[in-house]
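One file, work18.csv, carrying CSV, C-alpha atoms:
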chain,number,residue,atom,x,y,z
A,676,MET,CA,0.2,-1.2,-9.8
A,677,ILE,CA,2.7,1.2,-8.2
A,678,TYR,CA,5.8,2.2,-10.0
A,679,GLN,CA,8.7,3.3,-8.0
A,680,PHE,CA,11.1,5.3,-10.2
A,681,ASP,CA,13.9,5.7,-7.7
A,682,LYS,CA,14.2,3.1,-4.9
A,683,ALA,CA,15.7,5.8,-2.6
A,684,ALA,CA,12.7,8.1,-3.1
A,685,PRO,CA,9.5,7.5,-1.1
A,686,ILE,CA,6.4,6.5,-2.9
A,687,HIS,CA,3.7,9.3,-2.8
A,688,LEU,CA,0.1,8.5,-3.5
A,689,LEU,CA,-2.2,11.4,-4.5
A,690,GLN,CA,-5.8,10.9,-3.7
A,691,ILE,CA,-8.2,13.0,-5.8
A,692,THR,CA,-11.6,13.2,-4.4
A,693,ASP,CA,-13.1,16.1,-6.3
A,694,CYS,CA,-12.0,15.2,-9.8
A,695,HIS,CA,-14.8,14.0,-12.0
A,696,ILE,CA,-12.7,13.5,-15.1
A,697,HIS,CA,-12.7,9.7,-14.8
A,698,ASN,CA,-14.7,7.1,-13.0
A,699,GLU,CA,-11.9,6.1,-10.7
A,700,PRO,CA,-12.0,7.8,-7.2
A,701,HIS,CA,-8.2,8.1,-7.1
A,702,ARG,CA,-5.2,8.2,-9.2
A,703,LEU,CA,-1.5,7.8,-8.7
A,704,LEU,CA,0.4,10.9,-9.6
A,705,SER,CA,2.2,8.9,-12.3
A,706,GLY,CA,-1.2,8.0,-13.7
A,707,VAL,CA,-1.8,11.4,-15.3
A,708,ASN,CA,-1.7,10.9,-19.0
A,709,ALA,CA,-2.8,12.5,-22.3
A,710,ARG,CA,-6.0,10.5,-22.3
A,711,MET,CA,-7.1,12.1,-19.0
A,712,VAL,CA,-6.5,15.6,-20.5
A,713,TRP,CA,-8.3,14.5,-23.7
A,714,GLU,CA,-11.3,13.3,-21.7
A,715,ALA,CA,-11.6,16.6,-19.8
A,716,LEU,CA,-11.3,18.7,-23.0
A,717,SER,CA,-13.7,16.6,-25.0
A,718,LYS,CA,-16.3,16.9,-22.2
A,719,GLU,CA,-15.7,20.6,-21.9
A,720,GLN,CA,-14.5,20.2,-18.3
A,721,TRP,CA,-11.2,22.1,-18.7
A,722,PRO,CA,-9.5,22.9,-16.5
A,723,PRO,CA,-10.5,20.0,-14.2
A,724,PRO,CA,-11.2,20.8,-10.6
A,725,CYS,CA,-8.4,18.5,-9.4
A,726,MET,CA,-5.7,20.2,-11.4
A,727,SER,CA,-4.8,22.5,-8.5
A,728,GLN,CA,-3.8,19.4,-6.4
A,729,PHE,CA,-0.9,18.5,-8.8
A,730,ASP,CA,2.5,20.0,-8.5
A,731,GLU,CA,3.6,22.7,-10.9
A,732,GLU,CA,5.5,20.3,-13.2
A,733,VAL,CA,2.5,18.1,-13.8
A,734,ARG,CA,0.2,21.1,-14.2
A,735,THR,CA,2.5,22.6,-16.8
A,736,TRP,CA,2.6,19.2,-18.7
A,737,MET,CA,-1.2,19.0,-18.6
A,738,GLU,CA,-1.6,22.6,-19.9
A,739,THR,CA,0.9,21.8,-22.7
A,740,LYS,CA,-0.9,18.6,-23.6
A,741,ALA,CA,-4.2,20.5,-23.6
A,742,ASP,CA,-2.8,23.1,-25.9
A,743,GLU,CA,-1.5,20.4,-28.3
A,744,LEU,CA,-4.9,18.7,-28.4
A,745,THR,CA,-6.8,21.9,-28.8
A,746,ASP,CA,-4.6,23.0,-31.7
A,747,ARG,CA,-5.2,19.6,-33.4
A,748,ILE,CA,-9.0,19.9,-32.9
A,749,TYR,CA,-9.1,23.5,-34.2
A,750,GLU,CA,-7.2,22.3,-37.3
A,751,ILE,CA,-9.8,19.6,-37.9
A,752,HIS,CA,-12.6,22.1,-37.4
A,753,ARG,CA,-10.9,24.5,-39.8
A,754,ARG,CA,-10.6,21.8,-42.5
A,755,VAL,CA,-14.2,20.7,-42.0
A,756,PHE,CA,-15.4,24.3,-42.5
A,757,VAL,CA,-13.2,24.8,-45.6
A,758,ALA,CA,-14.4,21.5,-47.1
A,759,HIS,CA,-18.0,22.3,-46.3
A,760,ARG,CA,-17.8,25.7,-48.0
A,761,GLN,CA,-16.2,24.0,-51.0
A,762,VAL,CA,-19.1,21.6,-51.5
A,763,GLN,CA,-22.0,23.9,-50.7
A,764,GLY,CA,-24.6,23.8,-53.4
A,765,ALA,CA,-23.2,20.5,-54.9
A,766,THR,CA,-25.2,17.3,-55.1
A,767,ARG,CA,-24.3,14.6,-52.7
A,768,LYS,CA,-22.6,12.7,-55.5
A,769,GLU,CA,-20.6,15.7,-56.5
A,770,ALA,CA,-19.7,16.5,-52.9
A,771,ALA,CA,-18.5,12.9,-52.4
A,772,ALA,CA,-16.3,13.1,-55.4
A,773,ILE,CA,-14.8,16.5,-54.2
A,774,LEU,CA,-14.4,15.4,-50.6
A,775,LEU,CA,-12.8,12.0,-51.4
A,776,ALA,CA,-10.4,13.7,-53.8
A,777,GLU,CA,-9.3,16.7,-51.7
A,778,HIS,CA,-10.5,16.2,-48.1
A,779,LYS,CA,-10.7,12.4,-47.5
A,780,ASP,CA,-9.7,12.6,-43.8
A,781,VAL,CA,-12.6,14.9,-42.9
A,782,ALA,CA,-15.2,13.7,-45.5
A,783,GLY,CA,-17.3,11.9,-42.9
A,784,LEU,CA,-17.4,14.9,-40.7
A,785,VAL,CA,-18.5,17.1,-43.6
A,786,PHE,CA,-21.3,14.8,-44.5
A,787,SER,CA,-22.4,14.7,-40.9
A,788,GLN,CA,-22.4,18.5,-40.9
A,789,MET,CA,-24.4,18.6,-44.2
A,790,ASP,CA,-26.9,16.2,-42.7
A,791,GLY,CA,-27.3,18.4,-39.6
A,792,ARG,CA,-25.8,15.8,-37.2
A,793,ASP,CA,-23.3,16.5,-34.5
A,794,TRP,CA,-19.8,15.8,-35.8
A,795,LYS,CA,-17.7,17.3,-33.0
A,796,ALA,CA,-17.6,14.1,-31.0
A,797,LYS,CA,-16.2,12.3,-34.0
A,798,ALA,CA,-13.6,15.1,-34.4
A,799,TRP,CA,-12.5,14.5,-30.8
A,800,GLY,CA,-12.2,10.8,-31.6
A,801,MET,CA,-9.7,11.7,-34.3
A,802,VAL,CA,-7.3,13.3,-31.8
A,803,TYR,CA,-7.7,10.6,-29.1
A,804,PRO,CA,-4.2,10.0,-27.8
A,805,PRO,CA,-2.5,6.7,-28.1
A,806,HIS,CA,-1.8,4.6,-25.0
A,807,GLU,CA,1.2,5.7,-23.0
A,808,ARG,CA,3.1,3.3,-20.8
A,809,PRO,CA,4.7,4.9,-17.7
A,810,SER,CA,8.4,5.4,-18.3
A,811,ARG,CA,10.6,3.6,-15.8
A,812,VAL,CA,14.0,5.0,-14.8
A,813,ALA,CA,16.6,2.3,-15.1
A,814,ASN,CA,18.1,1.4,-11.7
A,815,ALA,CA,21.9,1.3,-11.9
A,816,ASN,CA,22.1,-1.0,-8.9
A,817,ALA,CA,19.7,-3.7,-10.3
Let me see whether you can do it: turn the structure in this file into structure tokens.
Amino acid sequence: MIYQFDKAAPIHLLQITDCHIHNEPHRLLSGVNARMVWEALSKEQWPPPCMSQFDEEVRTWMETKADELTDRIYEIHRRVFVAHRQVQGATRKEAAAILLAEHKDVAGLVFSQMDGRDWKAKAWGMVYPPHERPSRVANANA
């Protein structure tokens, strides 16, 4: 689907051939969204190779969104490490009581860490951006 924001402006399609962030071989410029940034960050492919093909405004937005997501993931990591330190040496039952009372939102991640399982993918799932609909500029002549 092509969205035309201003009927007087030409429609520009941007074909991205060297971007491996998603499975689609191309994207419309208006298709850049927070989930695309999240996917690149979560797969440790930041900055994506296709980023240089976008104009400055889109690159700035992508960098800002990446900073926001990175800040959120660092905060989750910090809370996991604080909670893990707090329950070290406790039995599983004691740890569960402490975590559910004080760190309920990261309790599952802490248990994964205690069990030696990878919990970072779950942490990235916690910051997965919600669906964004493209904004449409209201046409005054419509």
Set the distance at 8 Å and use all atoms listed in the file: which residues neighbour segment 732-740 of chain A once local chain neighbours fewer than 4 positions away are removed? I'd like the list as a ChimeraX atom specification. /A:709,712,726-727,744
Pick out the residues sitting within 10 Å of Arg767 of chain A, and hand them over as a VMD selection string; count all atoms listed in the file, and ignore anything fewer than 5 positions along from it in its own chain. chain A and resid 762 772 to 773 786 789
Test item: residues at most 9 Å from Leu716 of chain A, all atoms listed in the file, excluding those fewer than 4 positions along its chain, as an MDAnalysis selection string: chainID A and resid 711:712 720:723 741 744:745 799
Would you output that residue set with C-alpha atoms, as an mmCIF file, keeping the file's coordinate frame?
data_model
loop_
_atom_site.group_PDB
_atom_site.id
_atom_site.type_symbol
_atom_site.label_atom_id
_atom_site.label_comp_id
_atom_site.auth_asym_id
_atom_site.auth_seq_id
_atom_site.Cartn_x
_atom_site.Cartn_y
_atom_site.Cartn_z
ATOM 1 C CA MET A 711 -7.100 12.100 -19.000
ATOM 2 C CA VAL A 712 -6.500 15.600 -20.500
ATOM 3 C CA GLN A 720 -14.500 20.200 -18.300
ATOM 4 C CA TRP A 721 -11.200 22.100 -18.700
ATOM 5 C CA PRO A 722 -9.500 22.900 -16.500
ATOM 6 C CA PRO A 723 -10.500 20.000 -14.200
ATOM 7 C CA ALA A 741 -4.200 20.500 -23.600
ATOM 8 C CA LEU A 744 -4.900 18.700 -28.400
ATOM 9 C CA THR A 745 -6.800 21.900 -28.800
ATOM 10 C CA TRP A 799 -12.500 14.500 -30.800
#
Interatomic distance, atom CA of Val802 of chain A to atom CA of Arg747 of chain A (Å, one decimal):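 For atom CA of Val802 of chain A relative to atom CA of Arg747 of chain A, the distance reads 6.8 Å.
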Residue among A:Asp730, A:Asp790, A:Glu714, A:Asp780 lying closest to Val755 of chain A, counting all atoms listed in the file: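 Closest to Val755 of chain A, using all atoms listed in the file: A:Asp780.
Neighbours of segment 748-750 of chain A closer than or equal to 12 Å, with all atoms listed in the file counted and sequence neighbours fewer than 2 positions away skipped, come out as Trp713, Leu716, Ser717, Ala741, Asp742, Glu743, Leu744, Thr745, Asp746, His752, Arg753, Arg754, Val755, Phe756, Val757, Asp780, Val781, Trp794, Lys795, Ala796, Lys797, Ala798, Trp799, Gly800, Met801, Val802 and Tyr803 of chain A.
Rounded to one decimal, atom CA of His806 of chain A and atom CA of Lys718 of chain A lie 19.2 Å from each other.
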Pick the closest to Arg710 of chain A from A:Ala782, A:His759, A:Pro805, A:Gly764: which is it, counting all atoms listed in the file?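 Smallest distance to Arg710 of chain A is found for A:Pro805.
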One-decimal distance in Å that lies between atom CA of Ala771 of chain A and atom CA of Gly791 of chain A: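 So the two atoms, atom CA of Gly791 of chain A and atom CA of Ala771 of chain A, lie 16.5 Å apart.
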